[in-house]
Amino acid sequence: MIGMATAGIVRLKGEDEEVVAIAVAAKRAVAYHRDLQRELMPQLSALHAARREMTTPHPQLQMPSAETAARGRGIVWTFLFAVSLVAAVVAVAMLSPLGPRTKWVAPDVAVQIAMPALIIAAIAGVGALILRPARGRAAVATVLSSIVTILLAAVFLFRLVGGGGDRGFTAEQLGPWLAGAGILLVLLIALTWRLDRLRRSDVFAEGGIPKGNREAQADARRVRESARRAANLTPATAAARDELRQQWAHALQQRGARTEAADQAAEIGPVAWLVWTVYDGDLDVSLLLR
């Protein structure tokens with residue numbers, strides 16, 4: 001049975017020339033049904049205009065001064081973020097468990113290095129938490145922040161539970177470090193969470209529209225919904241629907257050898273094929289809109 005409707009967005013198979021050629025045949029089949037043609041063609045024209053608007057690059061509205069300020073904030077954020085992570089790694093390394101790289105560092109020296117590193121990491125981390133990274137940097141920053149947070153949490157728990165006996169840390173030395181590391185751990189968790197949210201907001205929605213642009217997203221959803229509705233248009237009567245199915249099957253048979261595109265066209269029907277050809281946005285559909 002030849003399908004005549006579609007429930008969602010359809011990606012058409014076949015080369016551009018074949019897709020358009022089948023769409024031309026679909027237009028001829030629909031033309032035999034005047035009521036359907038009168039309802040469908042204005043919707044195709046409106047869909048074409050909307051898709052062209054969606055896929056046309058728009059000039060940036062930011063003023064040069066705003067762009068410069070945003071670039072400057074991005075540089076400052078990157079510096080603060082890098083300082084925070086590097087200092088946190090130093091603070092972790094100095095209090096790490098006994099091993100080949102730590103057995104040569106005396107406990108008092110390790111604490112003298114670790115405590116300032118904790119303070120620097122916390123101050124820089126607060127700055128990175130307040131500022132916003134430049135678009136596109138949040139994904140990598142989330143990974144780096146997660147790694148350092150996990151390392152800090154592991155050493156913090158090791159020292160909290162096991163104490164400092166393996167390297168000779170006293171309670172007086174370990175107490176301040178545990179307090180500072182606990183504060184830094186909370187700060188890094190908050191920073192990682194915020195970065196992950198920014199990473200998600202940086203992901204581009206379908207059609208190249210940033211997720212942060214709510215108005216553009218709403219427009220894109222309206223266009224997709226109008227395309228779905230148009231793709232589900234059918235003749236008003238059962239007899240007319242059967243006639244269109246037969247005409248469509250005959251039109252596809254006349255094309256000769258079956259291809260993936262022809263099989264898909266037979267499945268979704270001529271109306272849906274026309275709609276999704278126009279929705280594509282990159283095909284020359286001038287023959288379909290005349």
# chains A, B, ... in the order shown; residues from 1 in each chain; ligands from 1
>>> residues_around(residues="segment 269-272 of chain A", least_positions_apart="2", cutoff="9 Å", atoms="only C-alpha atoms", output="PDB file with all heavy atoms, in the first residue's frame")
ATOM      1  N   ILE A   2       0.596   2.177  -0.842  1.00  0.00           N
ATOM      2  CA  ILE A   2       1.415   3.377  -0.970  1.00  0.00           C
ATOM      3  C   ILE A   2       1.061   4.356   0.133  1.00  0.00           C
ATOM      4  O   ILE A   2      -0.094   4.752   0.294  1.00  0.00           O
ATOM      5  CB  ILE A   2       1.203   4.042  -2.338  1.00  0.00           C
ATOM      6  CG1 ILE A   2       1.616   3.060  -3.443  1.00  0.00           C
ATOM      7  CG2 ILE A   2       2.000   5.307  -2.460  1.00  0.00           C
ATOM      8  CD1 ILE A   2       1.265   3.551  -4.810  1.00  0.00           C
ATOM      9  N   GLY A   3       2.057   4.761   0.916  1.00  0.00           N
ATOM     10  CA  GLY A   3       1.812   5.721   1.990  1.00  0.00           C
ATOM     11  C   GLY A   3       1.542   7.109   1.447  1.00  0.00           C
ATOM     12  O   GLY A   3       2.084   7.497   0.424  1.00  0.00           O
ATOM     13  N   MET A   4       0.694   7.837   2.150  1.00  0.00           N
ATOM     14  CA  MET A   4       0.349   9.174   1.696  1.00  0.00           C
ATOM     15  C   MET A   4       0.556  10.220   2.780  1.00  0.00           C
ATOM     16  O   MET A   4       0.060  11.321   2.697  1.00  0.00           O
ATOM     17  CB  MET A   4      -1.125   9.203   1.260  1.00  0.00           C
ATOM     18  CG  MET A   4      -1.460   8.185   0.207  1.00  0.00           C
ATOM     19  SD  MET A   4      -0.562   8.421  -1.343  1.00  0.00           S
ATOM     20  CE  MET A   4      -1.318   9.920  -1.915  1.00  0.00           C
ATOM     21  N   ALA A   5       1.263   9.872   3.872  1.00  0.00           N
ATOM     22  CA  ALA A   5       1.446  10.825   4.968  1.00  0.00           C
ATOM     23  C   ALA A   5       2.788  10.603   5.626  1.00  0.00           C
ATOM     24  O   ALA A   5       3.419   9.574   5.446  1.00  0.00           O
ATOM     25  CB  ALA A   5       0.324  10.671   5.997  1.00  0.00           C
ATOM     26  N   THR A   6       3.197  11.568   6.399  1.00  0.00           N
ATOM     27  CA  THR A   6       4.462  11.468   7.125  1.00  0.00           C
ATOM     28  C   THR A   6       4.305  12.106   8.489  1.00  0.00           C
ATOM     29  O   THR A   6       3.615  13.104   8.637  1.00  0.00           O
ATOM     30  CB  THR A   6       5.603  12.148   6.356  1.00  0.00           C
ATOM     31  OG1 THR A   6       6.790  12.059   7.126  1.00  0.00           O
ATOM     32  CG2 THR A   6       5.306  13.599   6.067  1.00  0.00           C
ATOM     33  N   VAL A  10      11.485  14.369   7.139  1.00  0.00           N
ATOM     34  CA  VAL A  10      12.002  13.285   6.295  1.00  0.00           C
ATOM     35  C   VAL A  10      13.220  13.784   5.537  1.00  0.00           C
ATOM     36  O   VAL A  10      13.176  14.841   4.898  1.00  0.00           O
ATOM     37  CB  VAL A  10      10.927  12.797   5.298  1.00  0.00           C
ATOM     38  CG1 VAL A  10      11.500  11.751   4.361  1.00  0.00           C
ATOM     39  CG2 VAL A  10       9.728  12.230   6.053  1.00  0.00           C
ATOM     40  N   ILE A  22      11.814  13.722  -9.259  1.00  0.00           N
ATOM     41  CA  ILE A  22      10.659  13.044  -8.655  1.00  0.00           C
ATOM     42  C   ILE A  22       9.655  14.071  -8.139  1.00  0.00           C
ATOM     43  O   ILE A  22       8.439  13.883  -8.235  1.00  0.00           O
ATOM     44  CB  ILE A  22      11.115  12.101  -7.523  1.00  0.00           C
ATOM     45  CG1 ILE A  22      11.943  10.951  -8.109  1.00  0.00           C
ATOM     46  CG2 ILE A  22       9.921  11.547  -6.759  1.00  0.00           C
ATOM     47  CD1 ILE A  22      12.533  10.024  -7.067  1.00  0.00           C
ATOM     48  N   ALA A  23      10.157  15.183  -7.599  1.00  0.00           N
ATOM     49  CA  ALA A  23       9.264  16.237  -7.110  1.00  0.00           C
ATOM     50  C   ALA A  23       8.455  16.849  -8.252  1.00  0.00           C
ATOM     51  O   ALA A  23       7.278  17.191  -8.074  1.00  0.00           O
ATOM     52  CB  ALA A  23      10.070  17.313  -6.389  1.00  0.00           C
ATOM     53  N   ALA A  25       7.503  15.233 -10.930  1.00  0.00           N
ATOM     54  CA  ALA A  25       6.460  14.234 -11.203  1.00  0.00           C
ATOM     55  C   ALA A  25       5.369  14.304 -10.136  1.00  0.00           C
ATOM     56  O   ALA A  25       4.179  14.144 -10.436  1.00  0.00           O
ATOM     57  CB  ALA A  25       7.083  12.841 -11.244  1.00  0.00           C
ATOM     58  N   ALA A  26       5.772  14.543  -8.888  1.00  0.00           N
ATOM     59  CA  ALA A  26       4.796  14.666  -7.805  1.00  0.00           C
ATOM     60  C   ALA A  26       3.884  15.866  -8.025  1.00  0.00           C
ATOM     61  O   ALA A  26       2.668  15.796  -7.775  1.00  0.00           O
ATOM     62  CB  ALA A  26       5.519  14.781  -6.468  1.00  0.00           C
ATOM     63  N   LYS A  27       4.457  16.962  -8.488  1.00  0.00           N
ATOM     64  CA  LYS A  27       3.648  18.153  -8.745  1.00  0.00           C
ATOM     65  C   LYS A  27       2.616  17.871  -9.835  1.00  0.00           C
ATOM     66  O   LYS A  27       1.455  18.309  -9.736  1.00  0.00           O
ATOM     67  CB  LYS A  27       4.551  19.313  -9.159  1.00  0.00           C
ATOM     68  CG  LYS A  27       3.780  20.608  -9.409  1.00  0.00           C
ATOM     69  CD  LYS A  27       4.673  21.722  -9.914  1.00  0.00           C
ATOM     70  CE  LYS A  27       3.861  22.973 -10.208  1.00  0.00           C
ATOM     71  NZ  LYS A  27       4.697  24.054 -10.790  1.00  0.00           N
ATOM     72  N   ALA A  29       1.289  14.961 -10.520  1.00  0.00           N
ATOM     73  CA  ALA A  29       0.253  14.086  -9.967  1.00  0.00           C
ATOM     74  C   ALA A  29      -0.732  14.875  -9.113  1.00  0.00           C
ATOM     75  O   ALA A  29      -1.946  14.656  -9.177  1.00  0.00           O
ATOM     76  CB  ALA A  29       0.905  12.971  -9.154  1.00  0.00           C
ATOM     77  N   VAL A  30      -0.222  15.800  -8.325  1.00  0.00           N
ATOM     78  CA  VAL A  30      -1.079  16.608  -7.459  1.00  0.00           C
ATOM     79  C   VAL A  30      -1.965  17.539  -8.283  1.00  0.00           C
ATOM     80  O   VAL A  30      -3.093  17.852  -7.887  1.00  0.00           O
ATOM     81  CB  VAL A  30      -0.214  17.408  -6.462  1.00  0.00           C
ATOM     82  CG1 VAL A  30      -1.061  18.442  -5.719  1.00  0.00           C
ATOM     83  CG2 VAL A  30       0.464  16.470  -5.470  1.00  0.00           C
ATOM     84  N   LEU A  40      -2.190  23.167  -1.243  1.00  0.00           N
ATOM     85  CA  LEU A  40      -0.774  22.838  -1.036  1.00  0.00           C
ATOM     86  C   LEU A  40       0.170  23.917  -1.560  1.00  0.00           C
ATOM     87  O   LEU A  40       1.148  24.269  -0.880  1.00  0.00           O
ATOM     88  CB  LEU A  40      -0.457  21.507  -1.718  1.00  0.00           C
ATOM     89  CG  LEU A  40       1.009  21.055  -1.689  1.00  0.00           C
ATOM     90  CD1 LEU A  40       1.493  20.848  -0.258  1.00  0.00           C
ATOM     91  CD2 LEU A  40       1.195  19.787  -2.519  1.00  0.00           C
ATOM     92  N   ALA A 227       5.646  22.443   7.953  1.00  0.00           N
ATOM     93  CA  ALA A 227       6.045  21.454   6.954  1.00  0.00           C
ATOM     94  C   ALA A 227       5.389  20.108   7.232  1.00  0.00           C
ATOM     95  O   ALA A 227       4.912  19.431   6.314  1.00  0.00           O
ATOM     96  CB  ALA A 227       7.570  21.310   6.936  1.00  0.00           C
ATOM     97  N   ARG A 228       5.342  19.713   8.502  1.00  0.00           N
ATOM     98  CA  ARG A 228       4.684  18.437   8.850  1.00  0.00           C
ATOM     99  C   ARG A 228       3.212  18.458   8.459  1.00  0.00           C
ATOM    100  O   ARG A 228       2.684  17.479   7.920  1.00  0.00           O
ATOM    101  CB  ARG A 228       4.823  18.163  10.347  1.00  0.00           C
ATOM    102  CG  ARG A 228       6.228  17.831  10.812  1.00  0.00           C
ATOM    103  CD  ARG A 228       6.203  17.339  12.252  1.00  0.00           C
ATOM    104  NE  ARG A 228       7.556  17.228  12.789  1.00  0.00           N
ATOM    105  CZ  ARG A 228       8.128  18.110  13.591  1.00  0.00           C
ATOM    106  NH1 ARG A 228       7.448  19.190  13.949  1.00  0.00           N
ATOM    107  NH2 ARG A 228       9.353  17.939  14.026  1.00  0.00           N
ATOM    108  N   ALA A 230       1.759  20.317   6.169  1.00  0.00           N
ATOM    109  CA  ALA A 230       1.621  20.305   4.708  1.00  0.00           C
ATOM    110  C   ALA A 230       1.890  18.913   4.150  1.00  0.00           C
ATOM    111  O   ALA A 230       1.219  18.470   3.211  1.00  0.00           O
ATOM    112  CB  ALA A 230       2.579  21.317   4.097  1.00  0.00           C
ATOM    113  N   ALA A 231       2.872  18.206   4.722  1.00  0.00           N
ATOM    114  CA  ALA A 231       3.216  16.870   4.225  1.00  0.00           C
ATOM    115  C   ALA A 231       2.089  15.877   4.444  1.00  0.00           C
ATOM    116  O   ALA A 231       2.030  14.838   3.761  1.00  0.00           O
ATOM    117  CB  ALA A 231       4.491  16.370   4.910  1.00  0.00           C
ATOM    118  N   ASN A 232       1.190  16.152   5.357  1.00  0.00           N
ATOM    119  CA  ASN A 232       0.079  15.246   5.657  1.00  0.00           C
ATOM    120  C   ASN A 232      -1.213  15.607   4.931  1.00  0.00           C
ATOM    121  O   ASN A 232      -2.257  14.987   5.185  1.00  0.00           O
ATOM    122  CB  ASN A 232      -0.165  15.220   7.164  1.00  0.00           C
ATOM    123  CG  ASN A 232       0.899  14.423   7.897  1.00  0.00           C
ATOM    124  OD1 ASN A 232       1.128  13.262   7.599  1.00  0.00           O
ATOM    125  ND2 ASN A 232       1.574  15.053   8.839  1.00  0.00           N
ATOM    126  N   LEU A 233      -1.148  16.602   4.044  1.00  0.00           N
ATOM    127  CA  LEU A 233      -2.345  16.947   3.264  1.00  0.00           C
ATOM    128  C   LEU A 233      -2.700  15.799   2.317  1.00  0.00           C
ATOM    129  O   LEU A 233      -1.816  15.178   1.715  1.00  0.00           O
ATOM    130  CB  LEU A 233      -2.113  18.223   2.461  1.00  0.00           C
ATOM    131  CG  LEU A 233      -2.021  19.537   3.257  1.00  0.00           C
ATOM    132  CD1 LEU A 233      -1.675  20.693   2.321  1.00  0.00           C
ATOM    133  CD2 LEU A 233      -3.330  19.815   4.000  1.00  0.00           C
ATOM    134  N   THR A 234      -3.985  15.526   2.178  1.00  0.00           N
ATOM    135  CA  THR A 234      -4.467  14.488   1.263  1.00  0.00           C
ATOM    136  C   THR A 234      -5.745  14.983   0.590  1.00  0.00           C
ATOM    137  O   THR A 234      -6.387  15.931   1.069  1.00  0.00           O
ATOM    138  CB  THR A 234      -4.778  13.183   2.020  1.00  0.00           C
ATOM    139  OG1 THR A 234      -5.789  13.443   3.004  1.00  0.00           O
ATOM    140  CG2 THR A 234      -3.535  12.619   2.696  1.00  0.00           C
ATOM    141  N   LEU A 244      -5.181   9.191  -6.409  1.00  0.00           N
ATOM    142  CA  LEU A 244      -3.842   9.779  -6.319  1.00  0.00           C
ATOM    143  C   LEU A 244      -2.785   8.703  -6.090  1.00  0.00           C
ATOM    144  O   LEU A 244      -1.693   8.762  -6.649  1.00  0.00           O
ATOM    145  CB  LEU A 244      -3.807  10.820  -5.203  1.00  0.00           C
ATOM    146  CG  LEU A 244      -2.460  11.532  -4.981  1.00  0.00           C
ATOM    147  CD1 LEU A 244      -2.000  12.225  -6.260  1.00  0.00           C
ATOM    148  CD2 LEU A 244      -2.557  12.539  -3.845  1.00  0.00           C
ATOM    149  N   ARG A 245      -3.114   7.700  -5.274  1.00  0.00           N
ATOM    150  CA  ARG A 245      -2.179   6.593  -5.058  1.00  0.00           C
ATOM    151  C   ARG A 245      -1.857   5.882  -6.381  1.00  0.00           C
ATOM    152  O   ARG A 245      -0.705   5.582  -6.679  1.00  0.00           O
ATOM    153  CB  ARG A 245      -2.763   5.596  -4.071  1.00  0.00           C
ATOM    154  CG  ARG A 245      -2.796   6.060  -2.626  1.00  0.00           C
ATOM    155  CD  ARG A 245      -3.170   4.908  -1.690  1.00  0.00           C
ATOM    156  NE  ARG A 245      -3.242   5.360  -0.316  1.00  0.00           N
ATOM    157  CZ  ARG A 245      -4.353   5.730   0.295  1.00  0.00           C
ATOM    158  NH1 ARG A 245      -5.514   5.694  -0.364  1.00  0.00           N
ATOM    159  NH2 ARG A 245      -4.332   6.133   1.550  1.00  0.00           N
ATOM    160  N   TRP A 248       0.242   8.077  -8.623  1.00  0.00           N
ATOM    161  CA  TRP A 248       1.625   8.166  -8.131  1.00  0.00           C
ATOM    162  C   TRP A 248       2.399   6.881  -8.435  1.00  0.00           C
ATOM    163  O   TRP A 248       3.554   6.923  -8.852  1.00  0.00           O
ATOM    164  CB  TRP A 248       1.611   8.460  -6.645  1.00  0.00           C
ATOM    165  CG  TRP A 248       2.958   8.759  -6.027  1.00  0.00           C
ATOM    166  CD1 TRP A 248       3.473   8.218  -4.899  1.00  0.00           C
ATOM    167  CD2 TRP A 248       3.938   9.677  -6.500  1.00  0.00           C
ATOM    168  NE1 TRP A 248       4.704   8.742  -4.631  1.00  0.00           N
ATOM    169  CE2 TRP A 248       5.020   9.646  -5.602  1.00  0.00           C
ATOM    170  CE3 TRP A 248       3.996  10.540  -7.607  1.00  0.00           C
ATOM    171  CZ2 TRP A 248       6.156  10.421  -5.766  1.00  0.00           C
ATOM    172  CZ3 TRP A 248       5.129  11.329  -7.767  1.00  0.00           C
ATOM    173  CH2 TRP A 248       6.198  11.268  -6.862  1.00  0.00           C
ATOM    174  N   GLN A 264      11.452   5.355  -1.575  1.00  0.00           N
ATOM    175  CA  GLN A 264      11.039   6.266  -0.510  1.00  0.00           C
ATOM    176  C   GLN A 264       9.862   7.122  -0.974  1.00  0.00           C
ATOM    177  O   GLN A 264       8.922   7.365  -0.212  1.00  0.00           O
ATOM    178  CB  GLN A 264      12.206   7.153  -0.096  1.00  0.00           C
ATOM    179  CG  GLN A 264      11.897   8.047   1.092  1.00  0.00           C
ATOM    180  CD  GLN A 264      13.022   9.022   1.389  1.00  0.00           C
ATOM    181  OE1 GLN A 264      13.782   9.407   0.496  1.00  0.00           O
ATOM    182  NE2 GLN A 264      13.132   9.431   2.650  1.00  0.00           N
ATOM    183  N   ALA A 265       9.908   7.588  -2.233  1.00  0.00           N
ATOM    184  CA  ALA A 265       8.812   8.398  -2.771  1.00  0.00           C
ATOM    185  C   ALA A 265       7.516   7.603  -2.792  1.00  0.00           C
ATOM    186  O   ALA A 265       6.443   8.138  -2.487  1.00  0.00           O
ATOM    187  CB  ALA A 265       9.169   8.884  -4.172  1.00  0.00           C
ATOM    188  N   ALA A 266       7.600   6.320  -3.151  1.00  0.00           N
ATOM    189  CA  ALA A 266       6.403   5.486  -3.153  1.00  0.00           C
ATOM    190  C   ALA A 266       5.845   5.332  -1.746  1.00  0.00           C
ATOM    191  O   ALA A 266       4.627   5.278  -1.551  1.00  0.00           O
ATOM    192  CB  ALA A 266       6.738   4.118  -3.741  1.00  0.00           C
ATOM    193  N   GLU A 267       6.734   5.299  -0.764  1.00  0.00           N
ATOM    194  CA  GLU A 267       6.301   5.086   0.615  1.00  0.00           C
ATOM    195  C   GLU A 267       5.619   6.317   1.202  1.00  0.00           C
ATOM    196  O   GLU A 267       4.579   6.207   1.858  1.00  0.00           O
ATOM    197  CB  GLU A 267       7.502   4.708   1.474  1.00  0.00           C
ATOM    198  CG  GLU A 267       7.162   4.487   2.937  1.00  0.00           C
ATOM    199  CD  GLU A 267       8.384   4.185   3.779  1.00  0.00           C
ATOM    200  OE1 GLU A 267       9.476   4.005   3.203  1.00  0.00           O
ATOM    201  OE2 GLU A 267       8.248   4.156   5.015  1.00  0.00           O
ATOM    202  N   LEU A 274       7.027  16.406  -2.225  1.00  0.00           N
ATOM    203  CA  LEU A 274       7.095  17.822  -2.599  1.00  0.00           C
ATOM    204  C   LEU A 274       7.494  18.692  -1.405  1.00  0.00           C
ATOM    205  O   LEU A 274       8.370  19.554  -1.514  1.00  0.00           O
ATOM    206  CB  LEU A 274       5.734  18.276  -3.131  1.00  0.00           C
ATOM    207  CG  LEU A 274       5.475  18.183  -4.634  1.00  0.00           C
ATOM    208  CD1 LEU A 274       4.021  18.493  -4.923  1.00  0.00           C
ATOM    209  CD2 LEU A 274       6.387  19.130  -5.402  1.00  0.00           C
ATOM    210  N   VAL A 275       6.841  18.459  -0.276  1.00  0.00           N
ATOM    211  CA  VAL A 275       7.094  19.290   0.908  1.00  0.00           C
ATOM    212  C   VAL A 275       8.538  19.174   1.363  1.00  0.00           C
ATOM    213  O   VAL A 275       9.216  20.184   1.605  1.00  0.00           O
ATOM    214  CB  VAL A 275       6.137  18.895   2.051  1.00  0.00           C
ATOM    215  CG1 VAL A 275       6.551  19.563   3.360  1.00  0.00           C
ATOM    216  CG2 VAL A 275       4.707  19.288   1.694  1.00  0.00           C
ATOM    217  N   TRP A 276       9.056  17.960   1.473  1.00  0.00           N
ATOM    218  CA  TRP A 276      10.407  17.792   2.015  1.00  0.00           C
ATOM    219  C   TRP A 276      11.481  18.180   0.996  1.00  0.00           C
ATOM    220  O   TRP A 276      12.604  18.505   1.373  1.00  0.00           O
ATOM    221  CB  TRP A 276      10.601  16.372   2.519  1.00  0.00           C
ATOM    222  CG  TRP A 276       9.625  16.049   3.610  1.00  0.00           C
ATOM    223  CD1 TRP A 276       8.681  15.075   3.613  1.00  0.00           C
ATOM    224  CD2 TRP A 276       9.463  16.755   4.849  1.00  0.00           C
ATOM    225  NE1 TRP A 276       7.935  15.119   4.764  1.00  0.00           N
ATOM    226  CE2 TRP A 276       8.400  16.137   5.547  1.00  0.00           C
ATOM    227  CE3 TRP A 276      10.106  17.836   5.436  1.00  0.00           C
ATOM    228  CZ2 TRP A 276       7.978  16.580   6.796  1.00  0.00           C
ATOM    229  CZ3 TRP A 276       9.675  18.274   6.683  1.00  0.00           C
ATOM    230  CH2 TRP A 276       8.632  17.655   7.348  1.00  0.00           C
ATOM    231  N   THR A 277      11.125  18.188  -0.281  1.00  0.00           N
ATOM    232  CA  THR A 277      12.047  18.732  -1.282  1.00  0.00           C
ATOM    233  C   THR A 277      12.208  20.231  -1.079  1.00  0.00           C
ATOM    234  O   THR A 277      13.318  20.771  -1.096  1.00  0.00           O
ATOM    235  CB  THR A 277      11.535  18.447  -2.710  1.00  0.00           C
ATOM    236  OG1 THR A 277      11.418  17.032  -2.896  1.00  0.00           O
ATOM    237  CG2 THR A 277      12.487  19.010  -3.757  1.00  0.00           C
TER     238      THR A 277
END
>>> atom_distance(atom1="atom CA of Pro100 of chain A", atom2="atom CA of Leu160 of chain A")
21.8 Å
>>> select_by_dssp(residues="segment 56-166 of chain A", states="alpha helix (DSSP H)", output="PyMOL selection string")
chain A and resi 64-94+107-130+138-162
>>> residues_around(residues="Leu195 of chain A", least_positions_apart="5", cutoff="9 Å", atoms="only C-alpha atoms", output="number ranges by chain")
A: 129, 132-133, 138-139, 141-142, 145, 190, 200
>>> atom_distance(atom1="atom CA of Leu44 of chain A", atom2="atom CA of Leu288 of chain A")
8.7 Å
>>> closest_residue(among="A:Ala87, A:Leu283, A:Pro235, A:Gln253", to="Arg38 of chain A", atoms="only C-alpha atoms")
A:Pro235
>>> atom_distance(atom1="atom CA of Glu225 of chain A", atom2="atom CA of Ile9 of chain A")
9.1 Å
>>> closest_residue(among="A:Ala117, A:Pro107, A:Val223, A:Gly182", to="Thr170 of chain A", atoms="only C-alpha atoms")
A:Pro107
